[in-house]
Amino acid sequence: MAEKTVYYIEGDGIGPEVWKAGRPALDAAVSKAYGTEKKLNWVELLAGEKGFAETGEHLPKATMDALAGAELAMKGPLNTPVGKGFRSLNVTMRQVFDLYACIRPIKYFKGIESPVKRPDLVDMTVFRENTEDVYAGIEYQSGSPEAKKLIEFLVDELGAKIDMTAGVGIKPITPAGSKRLVKKALDFAIEHNKPSVTLVHKGNIMKTTEGGFRAWGYELADEDYKGQVVREGEEGEGVIIKDRIADAMFQNVLMYPEQYSVLATTNLNGDYISDALAAQVGGLGLAPGVNMGDTLAFFEPTHGTAPTIAGKDMANPGSLILSGAMMLEHIGWHEAAALIHASVEKALAAKKVTVDLAVQIPGSTQIGCQEFGDILLSQL
Ligand code: NAI
């Protein structure tokens, strides 16, 4: 029997509810697809409020030690206090385990109301760089001694023109950081027979950083993917690699979504475009995601802890379940993943859905988190 260990963190707020409603569907899909041949072996790790209650730490050492040797993990959402208290646990884990690629598949589910005419033409996977860019956290407040010192250096030594009162931030983007992200996107496109990879950048203005991302992406394709990848407009076989300037890309995904498949983006552009694309197909309610490094793939729903509905059996477990399906795809258990997708489609067609979807599906009946999970399970 093939067994895969999945470390999981329940999460805060609606986390425990969505796990309780959603996990049985993942196990059922595996057992329906493979009988007793394959199995997920779930091992709980403590973090967040539950971690603090049981160990006095929000991110206990035992959790970090287990994740350090892990291949697969899944988590519910974790609270991050705004402006005070501890650092974001999510960011800490991303940094410690170097989860450099944030991957979000965006696909339309029939029946959901969307702000665009043809949401069904959207079938994209965004690979967003997760560690560099303006998120590197190198920022200095307007008027601070650090900002003044940096501005003085830039003006005096490098001849830059900057007002002394400016707040300043640094946007580092490296060849290695760009290439490892684009590599993930190209490998995914090749493995899943996707037609194209588009490098999204703002290189016309930020030539050394965003323009670098574009150049290093093409360089990688030319050097390491000969015969497998071909540049747009050139003769040859394989996955097409092209690039678009970010502002044009925002128009293009609305007007010609069928022309785009896998997107590779810098950190900030990826942040914007993954949420915009999610809105195009009806919102974040069913959006799964993963943060991935070279060893660990950490799957998670894209929503937060939804404190106002926590404990009220109102949350939608769909995003968690689809994150699980994404994990099954990742380990090559495609049949089980396909069963989950089919059961979500059937559940939506039956129009018995949680409150967030009920407002988006005309003529639907509102049900609770657990009942929605039970319906998915029964569809399996
Ligand atoms: P949120 O995603 O928790 O909530 C935004 C809105 O969507 C709320 O109206 C909420 O009720 C609704 N919602 C979210 N998930 C839902 C679900 N599964 N079913 C039905 N409705 C749902 O975002 P917000 O309010 O900005 O953040 C709340 C907390 O969650 C914060 O502490 C934040 O830091 C944390 N958070 C954690 C994330 C993670 O662990 N990856 C991601 C986003 C936020």
# chains A, B, ... in the order shown; residues from 1 in each chain; ligands from 1
$ residues_around --residues "stretch 140-146 of chain A" --least-positions-apart "5" --cutoff "6 Å" --atoms "only C-alpha atoms" --output "VMD selection string"
chain A and resid 165 to 168
$ write_last_selection --atoms "N, CA, C and O atoms" --output "short mmCIF file (atom, residue, chain, number, x, y, z; two decimals), in the first residue's frame"
data_model
loop_
_atom_site.label_atom_id
_atom_site.label_comp_id
_atom_site.auth_asym_id
_atom_site.auth_seq_id
_atom_site.Cartn_x
_atom_site.Cartn_y
_atom_site.Cartn_z
N THR A 165 12.35 64.05 2.50
CA THR A 165 11.23 63.64 3.37
C THR A 165 10.60 62.31 2.92
O THR A 165 9.63 61.84 3.52
N ALA A 166 11.14 61.70 1.88
CA ALA A 166 10.49 60.49 1.33
C ALA A 166 10.60 59.31 2.31
O ALA A 166 11.59 59.15 3.01
N GLY A 167 9.56 58.50 2.33
CA GLY A 167 9.67 57.17 2.91
C GLY A 167 10.30 56.32 1.82
O GLY A 167 10.01 56.51 0.64
N VAL A 168 11.19 55.39 2.20
CA VAL A 168 11.85 54.62 1.12
C VAL A 168 11.77 53.11 1.39
O VAL A 168 11.78 52.66 2.53
#
$ closest_atom_pairs --of "chain A" --to "ligand 1" --cutoff "9 Å" --atoms "only C-alpha atoms and all ligand atoms" --output "JSON lines"
{"residue": "A:Gly11", "atom": "CA", "partner": "ligand 1", "partner_atom_place_in_ligand_line": "40 (O)", "distance": 7.4}
{"residue": "A:Asp12", "atom": "CA", "partner": "ligand 1", "partner_atom_place_in_ligand_line": "30 (O)", "distance": 8.1}
{"residue": "A:Gly13", "atom": "CA", "partner": "ligand 1", "partner_atom_place_in_ligand_line": "30 (O)", "distance": 7.8}
{"residue": "A:Ile14", "atom": "CA", "partner": "ligand 1", "partner_atom_place_in_ligand_line": "18 (N)", "distance": 7.1}
{"residue": "A:Gly15", "atom": "CA", "partner": "ligand 1", "partner_atom_place_in_ligand_line": "18 (N)", "distance": 8.5}
{"residue": "A:Val18", "atom": "CA", "partner": "ligand 1", "partner_atom_place_in_ligand_line": "18 (N)", "distance": 7.2}
{"residue": "A:Lys75", "atom": "CA", "partner": "ligand 1", "partner_atom_place_in_ligand_line": "40 (O)", "distance": 7.8}
{"residue": "A:Gly76", "atom": "CA", "partner": "ligand 1", "partner_atom_place_in_ligand_line": "40 (O)", "distance": 6.4}
{"residue": "A:Pro77", "atom": "CA", "partner": "ligand 1", "partner_atom_place_in_ligand_line": "40 (O)", "distance": 3.2}
{"residue": "A:Leu78", "atom": "CA", "partner": "ligand 1", "partner_atom_place_in_ligand_line": "40 (O)", "distance": 3.9}
{"residue": "A:Asn79", "atom": "CA", "partner": "ligand 1", "partner_atom_place_in_ligand_line": "32 (O)", "distance": 3.6}
{"residue": "A:Thr80", "atom": "CA", "partner": "ligand 1", "partner_atom_place_in_ligand_line": "34 (O)", "distance": 3.9}
{"residue": "A:Pro81", "atom": "CA", "partner": "ligand 1", "partner_atom_place_in_ligand_line": "32 (O)", "distance": 5.7}
{"residue": "A:Val82", "atom": "CA", "partner": "ligand 1", "partner_atom_place_in_ligand_line": "34 (O)", "distance": 7.3}
{"residue": "A:Ser88", "atom": "CA", "partner": "ligand 1", "partner_atom_place_in_ligand_line": "34 (O)", "distance": 7.4}
{"residue": "A:Leu89", "atom": "CA", "partner": "ligand 1", "partner_atom_place_in_ligand_line": "40 (O)", "distance": 7.9}
{"residue": "A:Asn90", "atom": "CA", "partner": "ligand 1", "partner_atom_place_in_ligand_line": "40 (O)", "distance": 6.0}
{"residue": "A:Leu284", "atom": "CA", "partner": "ligand 1", "partner_atom_place_in_ligand_line": "15 (N)", "distance": 7.9}
{"residue": "A:Gly285", "atom": "CA", "partner": "ligand 1", "partner_atom_place_in_ligand_line": "17 (C)", "distance": 6.0}
{"residue": "A:Leu286", "atom": "CA", "partner": "ligand 1", "partner_atom_place_in_ligand_line": "18 (N)", "distance": 8.0}
{"residue": "A:Glu300", "atom": "CA", "partner": "ligand 1", "partner_atom_place_in_ligand_line": "41 (N)", "distance": 6.8}
{"residue": "A:Pro301", "atom": "CA", "partner": "ligand 1", "partner_atom_place_in_ligand_line": "41 (N)", "distance": 6.9}
{"residue": "A:Thr302", "atom": "CA", "partner": "ligand 1", "partner_atom_place_in_ligand_line": "42 (C)", "distance": 5.8}
{"residue": "A:His303", "atom": "CA", "partner": "ligand 1", "partner_atom_place_in_ligand_line": "2 (O)", "distance": 3.7}
{"residue": "A:Gly304", "atom": "CA", "partner": "ligand 1", "partner_atom_place_in_ligand_line": "3 (O)", "distance": 3.2}
{"residue": "A:Thr305", "atom": "CA", "partner": "ligand 1", "partner_atom_place_in_ligand_line": "30 (O)", "distance": 4.0}
{"residue": "A:Ala306", "atom": "CA", "partner": "ligand 1", "partner_atom_place_in_ligand_line": "3 (O)", "distance": 3.3}
{"residue": "A:Pro307", "atom": "CA", "partner": "ligand 1", "partner_atom_place_in_ligand_line": "28 (C)", "distance": 6.2}
{"residue": "A:Thr308", "atom": "CA", "partner": "ligand 1", "partner_atom_place_in_ligand_line": "11 (O)", "distance": 5.9}
{"residue": "A:Ile309", "atom": "CA", "partner": "ligand 1", "partner_atom_place_in_ligand_line": "11 (O)", "distance": 5.7}
{"residue": "A:Ala310", "atom": "CA", "partner": "ligand 1", "partner_atom_place_in_ligand_line": "11 (O)", "distance": 8.1}
{"residue": "A:Met314", "atom": "CA", "partner": "ligand 1", "partner_atom_place_in_ligand_line": "20 (C)", "distance": 6.4}
{"residue": "A:Ala315", "atom": "CA", "partner": "ligand 1", "partner_atom_place_in_ligand_line": "19 (N)", "distance": 3.6}
{"residue": "A:Asn316", "atom": "CA", "partner": "ligand 1", "partner_atom_place_in_ligand_line": "19 (N)", "distance": 3.7}
{"residue": "A:Pro317", "atom": "CA", "partner": "ligand 1", "partner_atom_place_in_ligand_line": "18 (N)", "distance": 5.6}
{"residue": "A:Gly318", "atom": "CA", "partner": "ligand 1", "partner_atom_place_in_ligand_line": "18 (N)", "distance": 7.1}
{"residue": "A:Ser319", "atom": "CA", "partner": "ligand 1", "partner_atom_place_in_ligand_line": "18 (N)", "distance": 6.7}
{"residue": "A:Leu320", "atom": "CA", "partner": "ligand 1", "partner_atom_place_in_ligand_line": "18 (N)", "distance": 8.0}
{"residue": "A:Thr354", "atom": "CA", "partner": "ligand 1", "partner_atom_place_in_ligand_line": "20 (C)", "distance": 7.0}
{"residue": "A:Val355", "atom": "CA", "partner": "ligand 1", "partner_atom_place_in_ligand_line": "20 (C)", "distance": 6.5}
{"residue": "A:Asp356", "atom": "CA", "partner": "ligand 1", "partner_atom_place_in_ligand_line": "20 (C)", "distance": 5.0}
{"residue": "A:Leu357", "atom": "CA", "partner": "ligand 1", "partner_atom_place_in_ligand_line": "20 (C)", "distance": 7.9}
{"residue": "A:Cys369", "atom": "CA", "partner": "ligand 1", "partner_atom_place_in_ligand_line": "19 (N)", "distance": 8.1}
$ residues_around --residues "A:Gly270" --least-positions-apart "2" --cutoff "10 Å" --atoms "only C-alpha atoms" --output "ChimeraX atom specification"
/A:102-104,126-130,200-201,246,263-268,272-276
$ write_last_selection --atoms "N, CA, C and O atoms" --output "compact mmCIF listing (two decimals), in the first residue's frame"
# COMPACT_ATOMS: atom_id res chain seq x y z
N CYS A 102 4.31 30.72 -4.57
CA CYS A 102 2.91 30.69 -4.13
C CYS A 102 2.09 30.36 -5.39
O CYS A 102 2.10 31.13 -6.35
N ILE A 103 1.43 29.23 -5.35
CA ILE A 103 0.77 28.75 -6.57
C ILE A 103 -0.74 28.72 -6.36
O ILE A 103 -1.23 28.15 -5.38
N ARG A 104 -1.45 29.35 -7.28
CA ARG A 104 -2.91 29.36 -7.18
C ARG A 104 -3.56 29.02 -8.51
O ARG A 104 -3.42 29.77 -9.48
N VAL A 126 -1.45 30.62 -11.37
CA VAL A 126 -0.50 31.70 -11.10
C VAL A 126 0.64 31.18 -10.23
O VAL A 126 0.39 30.61 -9.16
N PHE A 127 1.87 31.37 -10.69
CA PHE A 127 3.07 31.08 -9.90
C PHE A 127 3.65 32.43 -9.48
O PHE A 127 4.22 33.15 -10.31
N ARG A 128 3.47 32.76 -8.22
CA ARG A 128 3.92 34.05 -7.71
C ARG A 128 5.19 33.86 -6.87
O ARG A 128 5.20 33.03 -5.96
N GLU A 129 6.22 34.64 -7.17
CA GLU A 129 7.44 34.59 -6.37
C GLU A 129 7.11 35.08 -4.97
O GLU A 129 6.41 36.06 -4.79
N ASN A 130 7.61 34.39 -3.96
CA ASN A 130 7.10 34.58 -2.60
C ASN A 130 8.09 35.17 -1.62
O ASN A 130 7.76 35.31 -0.44
N VAL A 200 4.94 37.74 -16.28
CA VAL A 200 4.23 39.01 -16.07
C VAL A 200 5.17 39.94 -15.29
O VAL A 200 5.68 39.57 -14.23
N HIS A 201 5.38 41.14 -15.81
CA HIS A 201 6.39 42.02 -15.21
C HIS A 201 6.08 43.48 -15.56
O HIS A 201 5.22 43.76 -16.39
N ALA A 246 2.64 44.13 -16.92
CA ALA A 246 1.57 43.86 -15.96
C ALA A 246 0.27 44.61 -16.25
O ALA A 246 -0.81 44.02 -16.19
N LEU A 263 0.88 31.51 -15.45
CA LEU A 263 1.50 32.83 -15.31
C LEU A 263 2.64 32.73 -14.30
O LEU A 263 2.46 32.12 -13.25
N ALA A 264 3.78 33.33 -14.63
CA ALA A 264 4.89 33.41 -13.67
C ALA A 264 5.08 34.89 -13.36
O ALA A 264 5.25 35.70 -14.28
N THR A 265 5.01 35.25 -12.08
CA THR A 265 5.01 36.67 -11.74
C THR A 265 5.97 36.99 -10.60
O THR A 265 6.28 36.13 -9.78
N THR A 266 6.35 38.27 -10.55
CA THR A 266 7.07 38.76 -9.38
C THR A 266 6.06 38.84 -8.22
O THR A 266 4.85 38.67 -8.42
N ASN A 267 6.56 39.12 -7.03
CA ASN A 267 5.75 39.00 -5.82
C ASN A 267 4.53 39.94 -5.80
O ASN A 267 3.39 39.48 -5.64
N LEU A 268 4.77 41.23 -6.00
CA LEU A 268 3.65 42.19 -5.88
C LEU A 268 2.64 42.02 -7.02
O LEU A 268 1.43 41.98 -6.79
N TYR A 272 -1.53 40.97 -6.71
CA TYR A 272 -2.67 41.65 -7.33
C TYR A 272 -3.43 40.72 -8.28
O TYR A 272 -4.64 40.59 -8.22
N ILE A 273 -2.66 40.08 -9.16
CA ILE A 273 -3.35 39.37 -10.25
C ILE A 273 -4.04 38.10 -9.75
O ILE A 273 -5.08 37.71 -10.28
N SER A 274 -3.51 37.46 -8.70
CA SER A 274 -4.22 36.25 -8.26
C SER A 274 -5.56 36.60 -7.63
O SER A 274 -6.55 35.89 -7.84
N ASP A 275 -5.64 37.71 -6.90
CA ASP A 275 -6.95 38.10 -6.34
C ASP A 275 -7.90 38.60 -7.43
O ASP A 275 -9.10 38.32 -7.40
N ALA A 276 -7.35 39.34 -8.42
CA ALA A 276 -8.21 39.84 -9.50
C ALA A 276 -8.79 38.67 -10.30
O ALA A 276 -9.97 38.67 -10.64
$ select_by_dssp --residues "stretch 37-245 of chain A" --states "alpha helix (DSSP H)" --output "PDB file with C-alpha atoms, in the first residue's frame"
ATOM      1  CA  GLY A  48      -1.808  29.286  16.362  1.00  0.00           C
ATOM      2  CA  GLU A  49      -4.239  29.557  19.264  1.00  0.00           C
ATOM      3  CA  LYS A  50      -4.392  25.797  19.780  1.00  0.00           C
ATOM      4  CA  GLY A  51      -0.591  25.676  19.862  1.00  0.00           C
ATOM      5  CA  PHE A  52      -0.483  28.504  22.390  1.00  0.00           C
ATOM      6  CA  ALA A  53      -3.166  26.898  24.592  1.00  0.00           C
ATOM      7  CA  GLU A  54      -1.364  23.551  24.694  1.00  0.00           C
ATOM      8  CA  THR A  55       2.322  24.546  24.680  1.00  0.00           C
ATOM      9  CA  LYS A  61       9.422  23.867  18.179  1.00  0.00           C
ATOM     10  CA  ALA A  62       7.992  20.369  17.654  1.00  0.00           C
ATOM     11  CA  THR A  63       5.856  21.729  14.808  1.00  0.00           C
ATOM     12  CA  MET A  64       8.794  23.450  13.132  1.00  0.00           C
ATOM     13  CA  ASP A  65      10.977  20.330  13.559  1.00  0.00           C
ATOM     14  CA  ALA A  66       8.347  18.096  11.958  1.00  0.00           C
ATOM     15  CA  LEU A  67       7.821  20.495   9.050  1.00  0.00           C
ATOM     16  CA  ALA A  68      11.581  20.730   8.473  1.00  0.00           C
ATOM     17  CA  LEU A  89       2.938  32.782  11.568  1.00  0.00           C
ATOM     18  CA  ASN A  90       2.289  32.300   7.866  1.00  0.00           C
ATOM     19  CA  VAL A  91       5.134  34.602   6.884  1.00  0.00           C
ATOM     20  CA  THR A  92       7.448  32.992   9.443  1.00  0.00           C
ATOM     21  CA  MET A  93       6.797  29.515   8.044  1.00  0.00           C
ATOM     22  CA  ARG A  94       7.228  30.732   4.455  1.00  0.00           C
ATOM     23  CA  GLN A  95      10.588  32.260   5.334  1.00  0.00           C
ATOM     24  CA  VAL A  96      11.916  29.465   7.537  1.00  0.00           C
ATOM     25  CA  PRO A 145      17.395  58.621  10.591  1.00  0.00           C
ATOM     26  CA  GLU A 146      17.658  55.453   8.434  1.00  0.00           C
ATOM     27  CA  ALA A 147      15.657  56.991   5.594  1.00  0.00           C
ATOM     28  CA  LYS A 148      17.725  60.182   5.746  1.00  0.00           C
ATOM     29  CA  LYS A 149      20.997  58.251   5.738  1.00  0.00           C
ATOM     30  CA  LEU A 150      19.927  56.137   2.774  1.00  0.00           C
ATOM     31  CA  ILE A 151      18.656  59.130   0.803  1.00  0.00           C
ATOM     32  CA  GLU A 152      21.856  61.057   1.501  1.00  0.00           C
ATOM     33  CA  PHE A 153      23.892  58.148   0.191  1.00  0.00           C
ATOM     34  CA  LEU A 154      21.756  57.827  -2.932  1.00  0.00           C
ATOM     35  CA  VAL A 155      21.897  61.568  -3.621  1.00  0.00           C
ATOM     36  CA  ASP A 156      25.538  62.181  -2.713  1.00  0.00           C
ATOM     37  CA  GLU A 157      27.158  58.994  -3.957  1.00  0.00           C
ATOM     38  CA  LEU A 158      24.930  57.938  -6.817  1.00  0.00           C
ATOM     39  CA  PRO A 175      18.476  36.099 -11.031  1.00  0.00           C
ATOM     40  CA  ALA A 176      18.443  32.984  -8.822  1.00  0.00           C
ATOM     41  CA  GLY A 177      15.118  33.897  -7.156  1.00  0.00           C
ATOM     42  CA  SER A 178      13.492  34.614 -10.507  1.00  0.00           C
ATOM     43  CA  LYS A 179      14.844  31.515 -12.203  1.00  0.00           C
ATOM     44  CA  ARG A 180      13.762  29.043  -9.527  1.00  0.00           C
ATOM     45  CA  LEU A 181      10.216  30.442  -9.690  1.00  0.00           C
ATOM     46  CA  VAL A 182      10.064  30.382 -13.496  1.00  0.00           C
ATOM     47  CA  LYS A 183      11.490  26.842 -13.409  1.00  0.00           C
ATOM     48  CA  LYS A 184       8.574  25.710 -11.208  1.00  0.00           C
ATOM     49  CA  ALA A 185       6.115  27.271 -13.671  1.00  0.00           C
ATOM     50  CA  LEU A 186       7.790  25.711 -16.738  1.00  0.00           C
ATOM     51  CA  ASP A 187       8.036  22.267 -15.115  1.00  0.00           C
ATOM     52  CA  PHE A 188       4.366  22.449 -14.166  1.00  0.00           C
ATOM     53  CA  ALA A 189       3.349  23.504 -17.701  1.00  0.00           C
ATOM     54  CA  ILE A 190       5.353  20.678 -19.280  1.00  0.00           C
ATOM     55  CA  GLU A 191       4.096  18.046 -16.831  1.00  0.00           C
ATOM     56  CA  GLU A 210      11.053  43.547 -13.127  1.00  0.00           C
ATOM     57  CA  GLY A 211      12.944  43.715 -16.423  1.00  0.00           C
ATOM     58  CA  GLY A 212      15.513  41.409 -14.865  1.00  0.00           C
ATOM     59  CA  PHE A 213      12.788  38.917 -13.946  1.00  0.00           C
ATOM     60  CA  ARG A 214      11.703  38.824 -17.602  1.00  0.00           C
ATOM     61  CA  ALA A 215      15.251  38.483 -18.953  1.00  0.00           C
ATOM     62  CA  TRP A 216      16.238  35.757 -16.463  1.00  0.00           C
ATOM     63  CA  GLY A 217      13.028  33.844 -17.212  1.00  0.00           C
ATOM     64  CA  TYR A 218      13.844  33.758 -20.936  1.00  0.00           C
ATOM     65  CA  GLU A 219      17.479  32.946 -20.177  1.00  0.00           C
ATOM     66  CA  LEU A 220      16.431  29.914 -18.149  1.00  0.00           C
ATOM     67  CA  ALA A 221      14.064  28.751 -20.906  1.00  0.00           C
ATOM     68  CA  ASP A 222      16.784  29.130 -23.572  1.00  0.00           C
ATOM     69  CA  GLU A 223      19.467  27.380 -21.544  1.00  0.00           C
ATOM     70  CA  ASP A 224      17.645  24.592 -19.714  1.00  0.00           C
TER      71      ASP A 224
END
$ select_by_dssp --residues "stretch 238-356 of chain A" --states "strand (DSSP E or B)" --output "list of chain:residue names"
A:Val239, A:Ile240, A:Ile241, A:Lys242, A:Asp243, A:Arg244, A:Ile245, A:Val262, A:Leu263, A:Ala264, A:Thr265, A:Pro288, A:Gly289, A:Val290, A:Asn291, A:Met292, A:Ala297, A:Phe298, A:Phe299, A:Glu300, A:Pro301, A:Lys352, A:Val353
$ residues_around --residues "A:Ile361" --least-positions-apart "5" --cutoff "8 Å" --atoms "only C-alpha atoms" --output "list in words"
Gly111, Ile112, Glu113 and Lys351 of chain A
$ write_last_selection --atoms "C-alpha atoms" --output "tab-separated table (two decimals), in the first residue's frame"
chain	number	residue	atom	x	y	z
A	111	GLY	CA	-23.43	28.25	-11.58
A	112	ILE	CA	-21.48	30.85	-9.59
A	113	GLU	CA	-22.28	34.45	-10.43
A	351	LYS	CA	-27.59	24.57	-5.33
$ closest_atom_pairs --of "stretch 316-359 of chain A" --to "stretch 27-46 of chain A" --cutoff "12 Å" --atoms "only C-alpha atoms" --output "CSV"
residue,atom,partner,partner_atom,distance
A:Ile321,CA,A:Asp27,CA,10.5
A:Leu322,CA,A:Ala29,CA,11.8
A:Gly324,CA,A:Asp27,CA,9.8
A:Ala325,CA,A:Ala29,CA,9.1
A:Met327,CA,A:Leu40,CA,10.9
A:Leu328,CA,A:Val30,CA,8.7
A:Glu329,CA,A:Val30,CA,11.5
A:Ile331,CA,A:Leu40,CA,11.1
A:Gly332,CA,A:Lys38,CA,11.6
A:Trp333,CA,A:Val30,CA,8.1
A:His334,CA,A:Ala33,CA,9.2
A:Glu335,CA,A:Ala33,CA,6.0
A:Ala336,CA,A:Ala29,CA,5.0
A:Ala337,CA,A:Ala29,CA,7.3
A:Ala338,CA,A:Ala29,CA,8.7
A:Leu339,CA,A:Ala29,CA,6.1
A:Ile340,CA,A:Ala29,CA,6.4
A:His341,CA,A:Ala29,CA,10.0
A:Ala342,CA,A:Ala29,CA,10.5
A:Ser343,CA,A:Ala29,CA,9.4
A:Val344,CA,A:Ala29,CA,11.7
$ write_last_selection --atoms "N, CA and C atoms" --output "PDB file, in the first residue's frame"
ATOM      1  N   ILE A 321     -11.048  21.894   0.833  1.00  0.00           N
ATOM      2  CA  ILE A 321     -11.176  20.629   0.098  1.00  0.00           C
ATOM      3  C   ILE A 321     -10.446  20.714  -1.247  1.00  0.00           C
ATOM      4  N   LEU A 322     -10.582  21.863  -1.913  1.00  0.00           N
ATOM      5  CA  LEU A 322      -9.905  22.011  -3.208  1.00  0.00           C
ATOM      6  C   LEU A 322      -8.390  22.139  -3.031  1.00  0.00           C
ATOM      7  N   GLY A 324      -6.868  20.401  -0.837  1.00  0.00           N
ATOM      8  CA  GLY A 324      -6.545  18.969  -0.708  1.00  0.00           C
ATOM      9  C   GLY A 324      -6.471  18.314  -2.082  1.00  0.00           C
ATOM     10  N   ALA A 325      -7.391  18.691  -2.969  1.00  0.00           N
ATOM     11  CA  ALA A 325      -7.378  18.126  -4.327  1.00  0.00           C
ATOM     12  C   ALA A 325      -6.090  18.527  -5.053  1.00  0.00           C
ATOM     13  N   MET A 327      -3.288  19.081  -3.628  1.00  0.00           N
ATOM     14  CA  MET A 327      -2.216  18.257  -3.057  1.00  0.00           C
ATOM     15  C   MET A 327      -2.213  16.867  -3.716  1.00  0.00           C
ATOM     16  N   LEU A 328      -3.401  16.325  -3.930  1.00  0.00           N
ATOM     17  CA  LEU A 328      -3.483  15.002  -4.566  1.00  0.00           C
ATOM     18  C   LEU A 328      -2.923  15.054  -5.989  1.00  0.00           C
ATOM     19  N   GLU A 329      -3.205  16.148  -6.703  1.00  0.00           N
ATOM     20  CA  GLU A 329      -2.624  16.338  -8.047  1.00  0.00           C
ATOM     21  C   GLU A 329      -1.103  16.375  -7.949  1.00  0.00           C
ATOM     22  N   ILE A 331       0.892  15.048  -5.883  1.00  0.00           N
ATOM     23  CA  ILE A 331       1.578  13.755  -5.664  1.00  0.00           C
ATOM     24  C   ILE A 331       1.200  12.739  -6.743  1.00  0.00           C
ATOM     25  N   GLY A 332       0.477  13.215  -7.750  1.00  0.00           N
ATOM     26  CA  GLY A 332       0.169  12.343  -8.886  1.00  0.00           C
ATOM     27  C   GLY A 332      -1.064  11.463  -8.681  1.00  0.00           C
ATOM     28  N   TRP A 333      -1.844  11.735  -7.633  1.00  0.00           N
ATOM     29  CA  TRP A 333      -3.061  10.954  -7.408  1.00  0.00           C
ATOM     30  C   TRP A 333      -4.228  11.659  -8.136  1.00  0.00           C
ATOM     31  N   HIS A 334      -4.084  11.718  -9.448  1.00  0.00           N
ATOM     32  CA  HIS A 334      -4.999  12.515 -10.260  1.00  0.00           C
ATOM     33  C   HIS A 334      -6.446  12.030 -10.208  1.00  0.00           C
ATOM     34  N   GLU A 335      -6.625  10.710 -10.122  1.00  0.00           N
ATOM     35  CA  GLU A 335      -7.993  10.167 -10.132  1.00  0.00           C
ATOM     36  C   GLU A 335      -8.766  10.664  -8.914  1.00  0.00           C
ATOM     37  N   ALA A 336      -8.107  10.658  -7.747  1.00  0.00           N
ATOM     38  CA  ALA A 336      -8.778  11.115  -6.520  1.00  0.00           C
ATOM     39  C   ALA A 336      -9.083  12.615  -6.621  1.00  0.00           C
ATOM     40  N   ALA A 337      -8.135  13.378  -7.179  1.00  0.00           N
ATOM     41  CA  ALA A 337      -8.355  14.826  -7.328  1.00  0.00           C
ATOM     42  C   ALA A 337      -9.537  15.083  -8.256  1.00  0.00           C
ATOM     43  N   ALA A 338      -9.624  14.314  -9.339  1.00  0.00           N
ATOM     44  CA  ALA A 338     -10.716  14.504 -10.299  1.00  0.00           C
ATOM     45  C   ALA A 338     -12.065  14.201  -9.632  1.00  0.00           C
ATOM     46  N   LEU A 339     -12.078  13.193  -8.751  1.00  0.00           N
ATOM     47  CA  LEU A 339     -13.334  12.872  -8.052  1.00  0.00           C
ATOM     48  C   LEU A 339     -13.780  14.044  -7.174  1.00  0.00           C
ATOM     49  N   ILE A 340     -12.828  14.694  -6.544  1.00  0.00           N
ATOM     50  CA  ILE A 340     -13.180  15.843  -5.688  1.00  0.00           C
ATOM     51  C   ILE A 340     -13.737  16.987  -6.536  1.00  0.00           C
ATOM     52  N   HIS A 341     -13.072  17.270  -7.645  1.00  0.00           N
ATOM     53  CA  HIS A 341     -13.570  18.341  -8.520  1.00  0.00           C
ATOM     54  C   HIS A 341     -14.986  18.028  -8.991  1.00  0.00           C
ATOM     55  N   ALA A 342     -15.202  16.784  -9.366  1.00  0.00           N
ATOM     56  CA  ALA A 342     -16.535  16.401  -9.861  1.00  0.00           C
ATOM     57  C   ALA A 342     -17.570  16.547  -8.750  1.00  0.00           C
ATOM     58  N   SER A 343     -17.196  16.191  -7.519  1.00  0.00           N
ATOM     59  CA  SER A 343     -18.186  16.263  -6.439  1.00  0.00           C
ATOM     60  C   SER A 343     -18.499  17.716  -6.069  1.00  0.00           C
ATOM     61  N   VAL A 344     -17.484  18.601  -6.166  1.00  0.00           N
ATOM     62  CA  VAL A 344     -17.752  20.030  -5.918  1.00  0.00           C
ATOM     63  C   VAL A 344     -18.691  20.559  -7.010  1.00  0.00           C
TER      64      VAL A 344
END
$ closest_residue --among "A:Lys110, A:Met292, A:Asn269, A:Pro24" --to "A:Leu380" --atoms "only C-alpha atoms"
A:Pro24
$ closest_residue --among "A:Lys20, A:Lys226, A:Lys171, A:His192" --to "A:Thr209" --atoms "only C-alpha atoms"
A:Lys171
